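Colleague: After the structure tokens below, expect a handful of questions from me.
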Amino acid sequence: MLNVVVCVSGGGTNLQAILDAVRDGKITNTKIIGVVSNNPTAKALERAEKAGVPGICMSPKEYPDRAAFNHAFTEKMKEWNPDLIVLAGFLVKIPEEMTSAFSGRIINIHPSLIPSFCGVGFYGLKVHEEALRRGVKVTGATVHFVNDGMDEGPIIAQKAVLVQDNDTPEVLQRRVMEQAEWLLLPQAIDDIANDRIEIVNGQVRRK
Ligand code: GRF
């Protein structure tokens with residue numbers, strides 16, 4: 001059984017896709033043991049509660065400095081001791097003490113085809129605003145392992161989504177969620193839970 005903790009910050013639509021996939025048997029051999037949000041008003045926490053999953057809020061604002069938050073966040077994760085940590089719209093940088101303690105056990109969903117439109121400052125709507133400003137005809141989403149960099153870990157899966165004329169950032173974000181994120185993330189968790197992928201020479205391979 002793969003024990004999973006999901007980290008969220010906002011609406012929780014990616015969390016909902018995971019919860020629904022576990023409920024419907026599209027993700028097997030997996031238990032979502034907890035949800036943590038840095039935002040106390042995140043709708044994602046309501047989604048966790050409705051699904052009967054323990055949810056907590058841990059915000060950097062509650063700590064004297066970022067180092068204190070980073071340590072408390074890592075210690076809490078060690079207490080839960082999940083097999084996999086899933087960042088689903090989580091807007092806080094994962095500290096080095098957590099990436100080293102959970103090396104190879106943290107994944108993230110990013111709303112672009114990495115290495116486009118990623119890295120510092122590229123999150124949420126900003127990603128789609130930049131894609132539209134650049135005029136790309138295809139965008140999409142990427143699931144990747146998390147290392148110390150920002151959106152730099154080994155890529156697990158990607159899915160392309162067409163950009164349409166007159167797209168607004170909000171319309172494009174929703175299409176990328178519906179056509180890519182909400183499919184890629186549950187599939188990646190199911191692949192990990194059923195030992196279908198491995199990292200070879202820094203690249204993800206199907207076994
Ligand atoms: C979305 O833009 C998603 O692409 C990114 O985080 C944002 C919020 O997602 N990963 P969610 O609805 O909170 O899952």
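We label chains A, B, ... in the order they appear in the structure tokens, count residues from 1 in each chain, and number ligands from 1 in the order shown.
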For stretch 97-111 of chain A, list every protein, DNA or RNA residue within 8 Å, evaluated using only C-alpha atoms, and leave out those in the same chain fewer than 3 positions away; present the list as a ChimeraX atom specification.

Modeller: /A:70-71,74,83-89,94,114,118,123-124,127-128,140-148,151,173,176-177,181,185

Colleague: Quick one: residues within 12 Å of A:Glu62, only C-alpha atoms counted, chain neighbours fewer than 5 positions away excluded, as an NGL selection string?

Modeller: :A and (38-40 or 57 or 67-70 or 72-73)

Colleague: How about saving the chosen residues, C-alpha atoms kept, as a JSON list (two decimals), in the first residue's frame?

Modeller:
[["chain", "number", "residue", "atom", "x", "y", "z"],
["A", 38, "ASN", "CA", -0.13, 26.50, 3.71],
["A", 39, "ASN", "CA", -3.40, 28.43, 3.22],
["A", 40, "PRO", "CA", -6.00, 28.03, 6.01],
["A", 57, "CYS", "CA", -2.69, 23.89, 7.80],
["A", 67, "ALA", "CA", 14.02, 28.09, 8.58],
["A", 68, "ALA", "CA", 11.71, 27.37, 11.53],
["A", 69, "PHE", "CA", 8.81, 26.62, 9.17],
["A", 70, "ASN", "CA", 10.98, 24.42, 6.97],
["A", 72, "ALA", "CA", 8.56, 22.02, 11.43],
["A", 73, "PHE", "CA", 7.16, 21.12, 7.98]]

Colleague: Hey, which of A:Asp190, A:Glu79, A:Asp195, A:Glu129 ends up closest to ligand 1? Count only C-alpha atoms and all ligand atoms.

Modeller: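 Answer, going by the shortest atom-to-atom distance: A:Glu129.
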
Colleague: Please list as number ranges by chain every residue within 6 Å of A:Ala193, counting only C-alpha atoms and excluding residues in the same chain fewer than 3 positions away.

Modeller: A: 2, 29, 189-190

Colleague: Smallest atom-to-atom distance to A:Lys93: which of A:Pro115, A:Pro154, A:Pro60, A:Gly12, using only C-alpha atoms?

Modeller: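 Smallest distance to A:Lys93 is found for A:Pro60.
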
Colleague: Have a look at atom CA of A:Arg196 and atom CA of A:Met77 and let me know their distance in Å, one decimal.

Modeller: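 If I compute the distance from atom CA of A:Arg196 to atom CA of A:Met77, I get 24.8 Å.
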
Colleague: Could you give me the residues within chain A that DSSP places in strand (DSSP E), as a VMD selection string?

Modeller: chain A and resid 2 to 8 30 to 37 55 to 57 84 to 87 106 to 110 138 to 145 155 to 162 197 to 200 203 to 206
